[in-house]
file my_file-v5.cif (mmCIF, C-alpha atoms)
data_query
#
loop_
_atom_site.label_atom_id
_atom_site.label_comp_id
_atom_site.auth_asym_id
_atom_site.auth_seq_id
_atom_site.Cartn_x
_atom_site.Cartn_y
_atom_site.Cartn_z
CA MET A 75 2.90 38.92 -32.32
CA HIS A 76 1.18 40.32 -29.22
CA GLU A 77 3.15 43.57 -29.51
CA LEU A 78 2.09 44.05 -33.14
CA SER A 79 -1.52 43.39 -32.22
CA GLN A 80 -1.35 46.14 -29.54
CA GLN A 81 0.20 48.53 -32.06
CA ILE A 82 -2.51 47.83 -34.61
CA ASP A 83 -5.20 48.43 -32.00
CA PHE A 84 -3.63 51.84 -31.33
CA ILE A 85 -3.38 52.65 -35.06
CA LEU A 86 -7.07 51.80 -35.50
CA GLU A 87 -8.00 53.87 -32.43
CA LEU A 88 -6.38 56.89 -34.10
CA ASP A 89 -9.05 56.78 -36.83
CA LYS A 90 -11.47 58.24 -34.28
CA LEU A 91 -9.63 61.58 -34.17
CA LYS A 92 -10.97 62.18 -37.69
CA ALA A 93 -14.44 62.41 -36.12
CA VAL A 94 -13.50 65.09 -33.55
CA TYR A 95 -14.51 68.46 -34.96
CA ARG A 96 -13.02 71.82 -33.93
CA LYS A 97 -14.38 75.36 -34.17
CA ALA A 98 -11.90 76.18 -36.96
CA LEU A 99 -13.31 76.42 -40.48
CA ILE A 100 -11.79 75.01 -43.69
CA LYS A 101 -12.16 77.75 -46.27
CA ALA A 102 -11.00 75.40 -49.06
CA ASP A 103 -13.80 72.92 -48.28
CA LYS A 104 -16.96 75.05 -48.17
CA ASN A 105 -16.16 76.34 -44.67
CA ARG A 106 -16.91 73.01 -43.01
CA PHE A 107 -15.48 72.45 -39.51
CA GLU A 108 -11.91 71.17 -39.29
CA ASN A 109 -11.22 67.87 -37.54
CA SER A 110 -8.36 67.34 -35.13
CA ALA A 111 -6.55 64.77 -37.31
CA GLU A 112 -6.13 67.05 -40.33
CA HIS A 113 -5.33 69.95 -37.98
CA SER A 114 -2.51 67.85 -36.47
CA TRP A 115 -1.10 67.22 -39.93
CA HIS A 116 -1.25 70.90 -40.78
CA ILE A 117 0.58 72.14 -37.69
CA SER A 118 3.24 69.43 -37.94
CA LEU A 119 4.12 70.76 -41.37
CA THR A 120 3.73 74.37 -40.23
CA ALA A 121 6.33 73.68 -37.52
CA HIS A 122 8.75 72.37 -40.14
CA ILE A 123 8.27 75.40 -42.38
CA LEU A 124 8.55 77.94 -39.55
CA SER A 125 11.41 76.15 -37.77
CA THR A 126 13.73 78.62 -39.51
CA TYR A 127 12.57 81.16 -36.88
CA ALA A 128 12.92 78.86 -33.87
CA ASP A 129 15.56 79.10 -31.21
CA GLU A 130 18.55 76.87 -32.04
CA SER A 131 17.86 74.55 -29.13
CA VAL A 132 14.57 73.38 -30.67
CA ASP A 133 14.65 69.79 -31.98
CA ILE A 134 12.17 69.85 -34.84
CA SER A 135 11.81 66.06 -35.01
CA ARG A 136 10.64 65.95 -31.39
CA VAL A 137 8.36 68.93 -32.01
CA THR A 138 6.84 67.13 -35.01
CA LEU A 139 6.07 63.99 -33.04
CA MET A 140 4.68 66.10 -30.19
CA LEU A 141 2.33 67.85 -32.61
CA LEU A 142 1.29 64.62 -34.31
CA ILE A 143 0.12 63.25 -30.94
CA HIS A 144 -0.93 66.41 -29.08
CA ASP A 145 -4.67 66.10 -29.77
CA ILE A 146 -5.08 62.31 -29.53
CA VAL A 147 -6.61 62.70 -26.05
CA GLU A 148 -9.57 64.45 -27.73
CA ILE A 149 -10.76 61.01 -28.90
CA ASP A 150 -12.12 60.60 -25.35
CA ALA A 151 -12.16 64.17 -24.06
CA GLY A 152 -13.49 66.02 -27.13
CA ASP A 153 -12.31 69.42 -28.32
CA THR A 154 -12.81 72.62 -26.36
CA PHE A 155 -12.68 76.07 -27.89
CA ALA A 156 -9.49 77.91 -26.92
CA PHE A 157 -11.51 80.86 -25.60
CA ASP A 158 -14.02 78.91 -23.50
CA HIS A 159 -14.56 79.83 -19.83
CA HIS A 160 -11.84 78.79 -17.35
CA SER A 161 -14.16 76.34 -15.58
CA VAL A 162 -14.78 74.47 -18.85
CA LEU A 163 -11.05 74.32 -19.60
CA GLY A 164 -10.22 73.08 -16.07
CA ALA A 165 -12.63 70.14 -16.26
CA GLN A 166 -11.20 69.36 -19.69
CA SER A 167 -7.72 68.94 -18.28
CA ASP A 168 -8.80 66.08 -15.98
CA LYS A 169 -10.58 64.34 -18.86
CA GLU A 170 -7.48 64.62 -21.04
CA ILE A 171 -5.20 63.09 -18.41
CA ALA A 172 -7.50 60.07 -18.12
CA ALA A 173 -7.67 59.87 -21.92
CA ALA A 174 -3.88 59.87 -22.26
CA GLU A 175 -3.70 56.98 -19.81
CA ARG A 176 -6.27 54.91 -21.68
CA ILE A 177 -5.25 55.63 -25.26
CA PHE A 178 -1.44 55.60 -24.97
CA GLY A 179 -1.98 52.59 -22.68
CA LEU A 180 -3.01 50.61 -25.78
CA LEU A 181 0.64 50.69 -26.89
CA PRO A 182 3.32 48.24 -25.75
CA GLU A 183 6.26 49.49 -23.69
CA PRO A 184 8.43 51.48 -24.27
CA GLN A 185 6.15 53.27 -26.76
CA ARG A 186 3.43 53.82 -24.14
CA GLN A 187 5.92 55.55 -21.88
CA LYS A 188 7.48 57.61 -24.70
CA PHE A 189 4.16 58.93 -26.05
CA THR A 190 2.71 59.61 -22.59
CA SER A 191 5.73 61.57 -21.48
CA LEU A 192 5.91 63.54 -24.74
CA TRP A 193 2.25 64.49 -24.38
CA HIS A 194 2.78 65.66 -20.77
CA GLU A 195 5.81 67.68 -21.89
CA PHE A 196 3.63 69.42 -24.50
CA GLU A 197 0.89 70.16 -21.98
CA GLN A 198 3.29 71.56 -19.38
CA ALA A 199 4.96 73.79 -21.99
CA GLU A 200 8.17 74.28 -20.04
CA THR A 201 10.83 72.96 -22.44
CA PRO A 202 11.88 74.86 -25.60
CA ASP A 203 10.48 72.03 -27.77
CA ALA A 204 7.09 72.14 -26.05
CA GLN A 205 6.94 75.95 -26.17
CA PHE A 206 7.67 76.03 -29.88
CA ALA A 207 5.10 73.26 -30.45
CA LYS A 208 2.47 75.22 -28.48
CA ALA A 209 3.34 78.34 -30.46
CA MET A 210 2.70 76.47 -33.73
CA ASP A 211 -0.62 75.12 -32.45
CA ARG A 212 -1.65 78.71 -31.80
CA ILE A 213 -0.26 80.60 -34.77
CA LEU A 214 -1.98 78.38 -37.34
CA PRO A 215 -5.57 79.31 -36.40
CA LEU A 216 -4.46 82.96 -36.61
CA ILE A 217 -3.10 82.43 -40.13
CA GLN A 218 -6.31 80.62 -41.11
CA ASN A 219 -8.61 83.24 -39.58
CA MET A 220 -6.75 86.15 -41.22
CA GLN A 221 -7.37 84.48 -44.58
CA ASN A 222 -11.06 83.88 -43.85
CA GLU A 223 -12.59 87.16 -42.63
CA GLY A 224 -11.93 86.37 -39.00
CA GLY A 225 -13.10 82.73 -39.21
CA SER A 226 -13.66 81.19 -35.77
CA TRP A 227 -12.87 84.51 -33.99
CA ALA A 228 -15.61 86.38 -35.79
CA GLN A 229 -18.11 83.56 -35.22
CA ASN A 230 -17.44 83.31 -31.47
CA THR A 231 -16.80 86.86 -30.15
CA VAL A 232 -13.11 86.77 -29.29
CA PHE A 233 -11.14 89.70 -27.81
CA LYS A 234 -7.80 91.07 -28.97
CA HIS A 235 -6.17 90.57 -25.55
CA GLN A 236 -7.16 86.89 -25.54
CA VAL A 237 -5.39 86.24 -28.84
CA ILE A 238 -2.30 88.16 -27.75
CA LYS A 239 -2.11 86.12 -24.55
CA ARG A 240 -2.64 82.87 -26.39
CA ASN A 241 0.23 83.52 -28.80
CA GLN A 242 2.67 84.72 -26.15
CA TYR A 243 4.87 81.59 -26.40
CA LEU A 244 6.20 83.11 -29.62
CA GLU A 245 7.73 86.06 -27.78
CA THR A 246 10.63 83.92 -26.55
CA SER A 247 10.51 80.90 -28.85
CA ALA A 248 10.40 82.80 -32.18
CA PRO A 249 10.56 86.62 -31.71
CA LYS A 250 10.33 87.43 -35.44
CA LEU A 251 7.03 85.58 -35.65
CA TRP A 252 5.80 87.33 -32.51
CA ASN A 253 6.16 90.72 -34.24
CA TYR A 254 4.29 89.39 -37.26
CA VAL A 255 1.49 88.04 -35.07
CA LEU A 256 1.07 91.32 -33.17
CA ALA A 257 0.72 93.19 -36.47
CA GLN A 258 -1.87 90.69 -37.72
CA ILE A 259 -3.87 91.01 -34.49
CA ASP A 260 -3.97 94.79 -35.00
CA ILE A 261 -5.28 94.35 -38.52
CA ALA A 262 -7.93 91.87 -37.32
CA THR A 263 -9.06 94.31 -34.65
CA GLU A 264 -9.30 97.20 -37.14
CA ARG A 265 -11.43 95.04 -39.39
CA GLY A 266 -13.75 94.08 -36.54
CA TRP A 267 -12.85 90.37 -36.56
CA LEU A 268 -11.51 90.69 -33.01
CA ARG A 269 -13.10 92.90 -30.33
CA ALA A 270 -10.91 95.64 -28.89
CA GLU A 271 -12.65 95.67 -25.47
CA MET B 219 9.69 89.58 -44.38
CA HIS B 220 9.35 88.34 -47.97
CA GLU B 221 10.49 84.86 -46.93
CA LEU B 222 7.85 84.67 -44.18
CA SER B 223 5.18 85.80 -46.61
CA GLN B 224 6.13 82.97 -49.02
CA GLN B 225 6.04 80.48 -46.14
CA ILE B 226 2.60 81.65 -45.06
CA ASP B 227 1.31 81.34 -48.64
CA PHE B 228 2.51 77.74 -48.64
CA ILE B 229 0.93 77.02 -45.24
CA LEU B 230 -2.40 78.41 -46.49
CA GLU B 231 -2.14 76.39 -49.70
CA LEU B 232 -1.90 73.23 -47.58
CA ASP B 233 -5.47 73.83 -46.36
CA LYS B 234 -6.66 72.63 -49.79
CA LEU B 235 -5.46 69.06 -49.16
CA LYS B 236 -8.31 68.80 -46.64
CA ALA B 237 -10.70 69.00 -49.61
CA VAL B 238 -9.11 66.13 -51.57
CA TYR B 239 -11.12 62.98 -50.88
CA ARG B 240 -9.84 59.41 -51.26
CA LYS B 241 -11.66 56.12 -51.78
CA ALA B 242 -10.83 55.03 -48.21
CA LEU B 243 -13.70 55.12 -45.69
CA ILE B 244 -13.60 56.42 -42.10
CA LYS B 245 -15.48 53.84 -40.06
CA ALA B 246 -15.39 56.09 -36.97
CA ASP B 247 -17.13 58.95 -38.84
CA LYS B 248 -20.17 57.28 -40.42
CA ASN B 249 -18.08 55.76 -43.23
CA ARG B 250 -17.51 59.11 -44.93
CA PHE B 251 -14.60 59.33 -47.41
CA GLU B 252 -11.17 60.09 -45.94
CA ASN B 253 -9.29 63.19 -47.09
CA SER B 254 -5.60 63.22 -47.92
CA ALA B 255 -4.63 65.57 -45.08
CA GLU B 256 -5.95 63.37 -42.28
CA HIS B 257 -4.59 60.30 -44.11
CA SER B 258 -1.13 61.92 -44.11
CA TRP B 259 -1.37 62.46 -40.36
CA HIS B 260 -2.42 58.87 -39.79
CA ILE B 261 0.42 57.29 -41.78
CA SER B 262 3.04 59.58 -40.26
CA LEU B 263 2.08 58.25 -36.85
CA THR B 264 1.73 54.69 -38.17
CA ALA B 265 5.33 54.91 -39.39
CA HIS B 266 6.46 55.96 -35.91
CA ILE B 267 4.61 53.10 -34.25
CA LEU B 268 5.75 50.45 -36.73
CA SER B 269 9.34 51.73 -36.96
CA THR B 270 10.25 49.02 -34.44
CA TYR B 271 10.03 46.57 -37.40
CA ALA B 272 12.03 48.69 -39.86
CA ASP B 273 15.53 47.97 -41.05
CA GLU B 274 18.13 49.77 -38.89
CA SER B 275 19.15 52.07 -41.71
CA VAL B 276 15.72 53.76 -41.77
CA ASP B 277 15.72 57.35 -40.46
CA ILE B 278 12.23 57.75 -39.01
CA SER B 279 12.39 61.57 -38.90
CA ARG B 280 13.02 61.72 -42.65
CA VAL B 281 10.28 59.11 -43.22
CA THR B 282 7.86 61.22 -41.17
CA LEU B 283 8.52 64.37 -43.17
CA MET B 284 8.28 62.38 -46.40
CA LEU B 285 4.86 61.06 -45.36
CA LEU B 286 3.65 64.47 -44.21
CA ILE B 287 4.33 65.89 -47.70
CA HIS B 288 3.80 62.85 -49.95
CA ASP B 289 0.23 63.73 -51.00
CA ILE B 290 0.52 67.52 -51.26
CA VAL B 291 0.69 67.22 -55.07
CA GLU B 292 -2.92 65.99 -54.97
CA ILE B 293 -4.01 69.60 -54.35
CA ASP B 294 -3.56 70.08 -58.10
CA ALA B 295 -3.52 66.52 -59.40
CA GLY B 296 -6.35 64.97 -57.34
CA ASP B 297 -6.33 61.48 -55.85
CA THR B 298 -6.34 58.31 -57.93
CA PHE B 299 -7.41 54.93 -56.63
CA ALA B 300 -4.43 52.62 -56.11
CA PHE B 301 -6.02 49.95 -58.29
CA ASP B 302 -7.03 52.17 -61.23
CA HIS B 303 -5.96 51.20 -64.78
CA HIS B 304 -2.29 51.76 -65.73
CA SER B 305 -3.19 54.45 -68.26
CA VAL B 306 -4.94 56.51 -65.55
CA LEU B 307 -1.98 56.14 -63.22
CA GLY B 308 0.51 57.12 -65.95
CA ALA B 309 -1.27 60.39 -66.78
CA GLN B 310 -1.45 61.08 -63.04
CA SER B 311 2.31 60.94 -62.69
CA ASP B 312 2.81 63.84 -65.16
CA LYS B 313 0.20 65.94 -63.34
CA GLU B 314 1.90 65.28 -60.01
CA ILE B 315 5.32 66.37 -61.26
CA ALA B 316 3.86 69.68 -62.46
CA ALA B 317 2.02 70.04 -59.14
CA ALA B 318 5.22 69.51 -57.13
CA GLU B 319 6.89 72.24 -59.12
CA ARG B 320 4.07 74.73 -58.56
CA ILE B 321 3.26 74.01 -54.92
CA PHE B 322 6.76 73.47 -53.47
CA GLY B 323 7.73 76.45 -55.65
CA LEU B 324 5.73 78.66 -53.28
CA LEU B 325 8.44 78.09 -50.65
CA PRO B 326 11.66 80.09 -50.37
CA GLU B 327 15.01 78.36 -50.92
CA PRO B 328 16.37 76.08 -49.51
CA GLN B 329 12.98 74.75 -48.37
CA ARG B 330 11.67 74.49 -51.94
CA GLN B 331 14.64 72.34 -52.91
CA LYS B 332 14.45 70.19 -49.76
CA PHE B 333 10.74 69.40 -50.09
CA THR B 334 10.90 68.82 -53.86
CA SER B 335 13.78 66.40 -53.56
CA LEU B 336 12.19 64.54 -50.63
CA TRP B 337 8.99 64.12 -52.66
CA HIS B 338 10.92 62.75 -55.65
CA GLU B 339 12.78 60.36 -53.37
CA PHE B 340 9.44 59.05 -52.07
CA GLU B 341 8.06 58.63 -55.58
CA GLN B 342 11.15 56.80 -56.86
CA ALA B 343 11.09 54.45 -53.86
CA GLU B 344 14.73 53.42 -54.18
CA THR B 345 16.18 54.42 -50.79
CA PRO B 346 15.43 52.50 -47.56
CA ASP B 347 13.63 55.58 -46.16
CA ALA B 348 11.38 55.90 -49.23
CA GLN B 349 10.66 52.17 -49.32
CA PHE B 350 9.62 52.11 -45.68
CA ALA B 351 7.49 55.24 -46.24
CA LYS B 352 5.78 53.61 -49.25
CA ALA B 353 5.20 50.47 -47.20
CA MET B 354 3.43 52.53 -44.51
CA ASP B 355 1.28 54.30 -47.09
CA ARG B 356 0.15 50.86 -48.27
CA ILE B 357 -0.22 48.91 -45.05
CA LEU B 358 -2.59 51.43 -43.46
CA PRO B 359 -5.46 50.99 -45.96
CA LEU B 360 -5.11 47.24 -45.39
CA ILE B 361 -5.41 47.70 -41.62
CA GLN B 362 -8.43 49.99 -42.15
CA ASN B 363 -10.15 47.64 -44.62
CA MET B 364 -9.65 44.57 -42.41
CA GLN B 365 -11.47 46.44 -39.65
CA ASN B 366 -14.30 47.53 -41.95
CA GLU B 367 -15.56 44.44 -43.83
CA GLY B 368 -13.24 45.01 -46.75
CA GLY B 369 -13.86 48.79 -46.97
CA SER B 370 -12.57 50.28 -50.24
CA TRP B 371 -11.55 46.82 -51.58
CA ALA B 372 -15.05 45.42 -51.28
CA GLN B 373 -16.59 48.55 -52.81
CA ASN B 374 -14.27 48.57 -55.84
CA THR B 375 -13.62 44.93 -56.86
CA VAL B 376 -9.98 44.45 -55.96
CA PHE B 377 -7.99 41.22 -56.50
CA LYS B 378 -5.77 39.44 -53.99
CA HIS B 379 -2.72 39.56 -56.29
CA GLN B 380 -3.06 43.35 -56.61
CA VAL B 381 -2.89 43.86 -52.84
CA ILE B 382 0.06 41.45 -52.50
CA LYS B 383 1.96 43.33 -55.19
CA ARG B 384 1.14 46.70 -53.69
CA ASN B 385 2.48 45.74 -50.25
CA GLN B 386 5.65 44.10 -51.57
CA TYR B 387 7.92 46.87 -50.25
CA LEU B 388 7.42 45.30 -46.83
CA GLU B 389 9.17 42.10 -47.88
CA THR B 390 12.57 43.74 -47.60
CA SER B 391 11.88 46.84 -45.49
CA ALA B 392 9.99 45.10 -42.65
CA PRO B 393 9.80 41.28 -43.12
CA LYS B 394 7.81 40.64 -39.92
CA LEU B 395 5.07 42.96 -41.16
CA TRP B 396 5.15 41.29 -44.57
CA ASN B 397 4.19 37.94 -42.99
CA TYR B 398 1.39 39.63 -41.08
CA VAL B 399 0.10 41.30 -44.26
CA LEU B 400 0.11 38.03 -46.26
CA ALA B 401 -1.93 36.36 -43.52
CA GLN B 402 -4.43 39.25 -43.50
CA ILE B 403 -4.79 39.10 -47.29
CA ASP B 404 -5.63 35.39 -47.03
CA ILE B 405 -8.32 36.14 -44.45
CA ALA B 406 -9.76 38.94 -46.62
CA THR B 407 -9.91 36.59 -49.61
CA GLU B 408 -11.64 33.85 -47.60
CA ARG B 409 -14.23 36.38 -46.46
CA GLY B 410 -14.86 37.55 -50.03
CA TRP B 411 -13.54 41.12 -49.47
CA LEU B 412 -10.80 40.46 -52.06
CA ARG B 413 -11.32 38.43 -55.22
CA ALA B 414 -9.14 35.34 -55.62
CA GLU B 415 -9.15 35.44 -59.47
#
call {"tool": "encode", "arguments": {"input": "my_file-v5.cif", "output": "structure tokens"}}
result
Amino acid sequence: MHELSQQIDFILELDKLKAVYRKALIKADKNRFENSAEHSWHISLTAHILSTYADESVDISRVTLMLLIHDIVEIDAGDTFAFDHHSVLGAQSDKEIAAAERIFGLLPEPQRQKFTSLWHEFEQAETPDAQFAKAMDRILPLIQNMQNEGGSWAQNTVFKHQVIKRNQYLETSAPKLWNYVLAQIDIATERGWLRAE
Amino acid sequence: MHELSQQIDFILELDKLKAVYRKALIKADKNRFENSAEHSWHISLTAHILSTYADESVDISRVTLMLLIHDIVEIDAGDTFAFDHHSVLGAQSDKEIAAAERIFGLLPEPQRQKFTSLWHEFEQAETPDAQFAKAMDRILPLIQNMQNEGGSWAQNTVFKHQVIKRNQYLETSAPKLWNYVLAQIDIATERGWLRAE
């Protein structure tokens, strides 16, 4: 039962992601901060719903698992805001690699290997699955902020060009959604939720 | 773009599940109550990890989607405690059926039909996929409570026979886990976290 005991240790470790808070706000819950566990649930389902716009080569089951695990490294590394300074984001990357080694290392083989490699694939964003997964991780905050008077953008001084760049994975992985996102960014800029310059 | 607009309405509706609180406690976050969105994330991953014990006929991708959506009805119907009185649980069932109709009804076809039927399959618990999904939904609180001095059991006066009955899906869908669960229930009873009679 050693394997089961390793798996249960990992499952219990996951509980800690519910204590990692992001800059995103939950409108439905008195605008409290969102944690990375509930965020991971939300984008996994978002990917399913929006998979009708994905390139045919995208395997939605792999994308789902990728999104379920993509933030687990934050248990050790914490969350960074998407629009933080480059130097902050660079240091974060090293912390996340060490975190992946420790946390996925709780699992027995071959699960350790499978989860570690899926997480690296997501981070590198070179395969169609990873690019669609990244696109989902980025479109959801936009949908949330548009519904909430700019949400985390308005609270943190974010520029239009930053949001366009961040959502660029959509341009190839789901072009119809890319057009929608560009139109939403224009509306957000007109309303003053995003800065034009 | 009418279809996309329906899908975005559904995605925004999901935010509300983050405001539905359960009786389960998050040890890692100062023992606050757990919400149903983060719980759904946790059991979806638990199912992946423990799928090595599942009967061969179980399709883990379908189980994952089932678990991602299984609590969405609580947006309208609220959460009930697993060990509430039968009359409370019966009234809940009617509320959940109406909720499934309204919330999945936000989606365009064929997604509305797919999600509705998957939710009913989970609730009826007759297929191997649904039985394994139910088993995961039930084993996770046990794992959490064993780590947290009885957690929601100790706070709500729960009996040993209730927890055995609730986890019974494991007996056929993952026998190795069933033996583990029975042993854990004995330990919890010895420690006074569950009542023997």
call {"tool": "residues_around", "arguments": {"input": "my_file-v5.cif", "residues": "Ile82 of chain A", "least_positions_apart": "6", "cutoff": "12 Å", "atoms": "all atoms listed in the file", "output": "PDB file with C-alpha atoms, in the coordinates of the input"}}
result
ATOM      1  CA  MET A  75       2.900  38.920 -32.320  1.00  0.00           C
ATOM      2  CA  HIS A  76       1.180  40.320 -29.220  1.00  0.00           C
ATOM      3  CA  LEU A  88      -6.380  56.890 -34.100  1.00  0.00           C
ATOM      4  CA  ASP A  89      -9.050  56.780 -36.830  1.00  0.00           C
ATOM      5  CA  LEU A 180      -3.010  50.610 -25.780  1.00  0.00           C
ATOM      6  CA  LEU A 181       0.640  50.690 -26.890  1.00  0.00           C
ATOM      7  CA  PRO A 182       3.320  48.240 -25.750  1.00  0.00           C
TER       8      PRO A 182
ATOM      9  CA  LEU B 263       2.080  58.250 -36.850  1.00  0.00           C
ATOM     10  CA  THR B 264       1.730  54.690 -38.170  1.00  0.00           C
ATOM     11  CA  ALA B 265       5.330  54.910 -39.390  1.00  0.00           C
ATOM     12  CA  ILE B 267       4.610  53.100 -34.250  1.00  0.00           C
ATOM     13  CA  LEU B 268       5.750  50.450 -36.730  1.00  0.00           C
ATOM     14  CA  ILE B 357      -0.220  48.910 -45.050  1.00  0.00           C
ATOM     15  CA  LEU B 358      -2.590  51.430 -43.460  1.00  0.00           C
ATOM     16  CA  LEU B 360      -5.110  47.240 -45.390  1.00  0.00           C
ATOM     17  CA  ILE B 361      -5.410  47.700 -41.620  1.00  0.00           C
ATOM     18  CA  GLN B 362      -8.430  49.990 -42.150  1.00  0.00           C
ATOM     19  CA  MET B 364      -9.650  44.570 -42.410  1.00  0.00           C
ATOM     20  CA  GLN B 365     -11.470  46.440 -39.650  1.00  0.00           C
ATOM     21  CA  LEU B 395       5.070  42.960 -41.160  1.00  0.00           C
ATOM     22  CA  TYR B 398       1.390  39.630 -41.080  1.00  0.00           C
ATOM     23  CA  VAL B 399       0.100  41.300 -44.260  1.00  0.00           C
TER      24      VAL B 399
END
call {"tool": "interface_residues", "arguments": {"input": "my_file-v5.cif", "of": "chain A", "to": "chain B", "cutoff": "6 Å", "atoms": "all atoms listed in the file", "output": "number ranges by chain"}}
result
A: 90, 93, 102-103, 111-112, 115, 135
call {"tool": "write_last_selection", "arguments": {"input": "my_file-v5.cif", "atoms": "C-alpha atoms", "output": "compact mmCIF listing (two decimals), in the frame of the given file"}}
result
# COMPACT_ATOMS: atom_id res chain seq x y z
CA LYS A 90 -11.47 58.24 -34.28
CA ALA A 93 -14.44 62.41 -36.12
CA ALA A 102 -11.00 75.40 -49.06
CA ASP A 103 -13.80 72.92 -48.28
CA ALA A 111 -6.55 64.77 -37.31
CA GLU A 112 -6.13 67.05 -40.33
CA TRP A 115 -1.10 67.22 -39.93
CA SER A 135 11.81 66.06 -35.01
call {"tool": "residues_around", "arguments": {"input": "my_file-v5.cif", "residues": "Ala343 of chain B", "least_positions_apart": "4", "cutoff": "12 Å", "atoms": "all atoms listed in the file", "output": "PyMOL selection string"}}
result
chain B and resi 281+284+288+336-339+347-353+355+386-387+391
call {"tool": "resolve_selection", "arguments": {"input": "my_file-v5.cif", "expression": "the PyMOL selection byres ((chain A and resi 225) around 12)", "output": "PyMOL selection string"}}
result
chain A and resi 97-101+105-108+215-224+226-232+262+266-268
call {"tool": "closest_residue", "arguments": {"input": "my_file-v5.cif", "among": "A:His159, A:Pro202, A:Ile146, A:Leu244", "to": "Glu175 of chain A", "atoms": "all atoms listed in the file"}}
result
A:Ile146
call {"tool": "decode", "arguments": {"input": "my_file-v5.cif", "residues": "segment 261-273 of chain B", "atoms": "N, CA, C and O atoms", "output": "short mmCIF file (atom, residue, chain, number, x, y, z; two decimals), in the first residue's frame"}}
result
data_model
loop_
_atom_site.label_atom_id
_atom_site.label_comp_id
_atom_site.auth_asym_id
_atom_site.auth_seq_id
_atom_site.Cartn_x
_atom_site.Cartn_y
_atom_site.Cartn_z
N ILE B 261 -11.70 16.95 -6.41
CA ILE B 261 -12.09 15.55 -6.70
C ILE B 261 -11.82 15.18 -8.14
O ILE B 261 -11.58 14.00 -8.42
N SER B 262 -11.83 16.13 -9.05
CA SER B 262 -11.48 15.79 -10.44
C SER B 262 -10.04 15.28 -10.49
O SER B 262 -9.74 14.28 -11.16
N LEU B 263 -9.16 15.93 -9.78
CA LEU B 263 -7.77 15.47 -9.75
C LEU B 263 -7.62 14.19 -8.93
O LEU B 263 -6.82 13.31 -9.29
N THR B 264 -8.37 14.08 -7.85
CA THR B 264 -8.34 12.85 -7.04
C THR B 264 -8.72 11.64 -7.91
O THR B 264 -8.09 10.58 -7.83
N ALA B 265 -9.73 11.83 -8.75
CA ALA B 265 -10.16 10.74 -9.63
C ALA B 265 -9.04 10.33 -10.58
O ALA B 265 -8.82 9.14 -10.83
N HIS B 266 -8.32 11.33 -11.11
CA HIS B 266 -7.17 11.00 -11.97
C HIS B 266 -6.13 10.18 -11.22
O HIS B 266 -5.66 9.16 -11.71
N ILE B 267 -5.79 10.64 -10.04
CA ILE B 267 -4.74 9.98 -9.26
C ILE B 267 -5.15 8.55 -8.89
O ILE B 267 -4.37 7.61 -9.00
N LEU B 268 -6.40 8.40 -8.46
CA LEU B 268 -6.84 7.09 -7.96
C LEU B 268 -7.41 6.20 -9.07
O LEU B 268 -7.86 5.08 -8.80
N SER B 269 -7.37 6.67 -10.30
CA SER B 269 -7.90 5.86 -11.41
C SER B 269 -7.10 4.57 -11.60
O SER B 269 -7.59 3.63 -12.22
N THR B 270 -5.90 4.52 -11.02
CA THR B 270 -5.11 3.27 -11.11
C THR B 270 -5.81 2.12 -10.38
O THR B 270 -5.48 0.97 -10.60
N TYR B 271 -6.78 2.42 -9.51
CA TYR B 271 -7.50 1.37 -8.78
C TYR B 271 -8.88 1.08 -9.38
O TYR B 271 -9.61 0.23 -8.88
N ALA B 272 -9.25 1.82 -10.42
CA ALA B 272 -10.61 1.70 -10.97
C ALA B 272 -10.72 0.48 -11.88
O ALA B 272 -9.73 0.06 -12.49
N ASP B 273 -11.92 -0.03 -11.98
CA ASP B 273 -12.21 -1.08 -12.94
C ASP B 273 -11.82 -0.60 -14.35
O ASP B 273 -11.97 0.58 -14.67
#
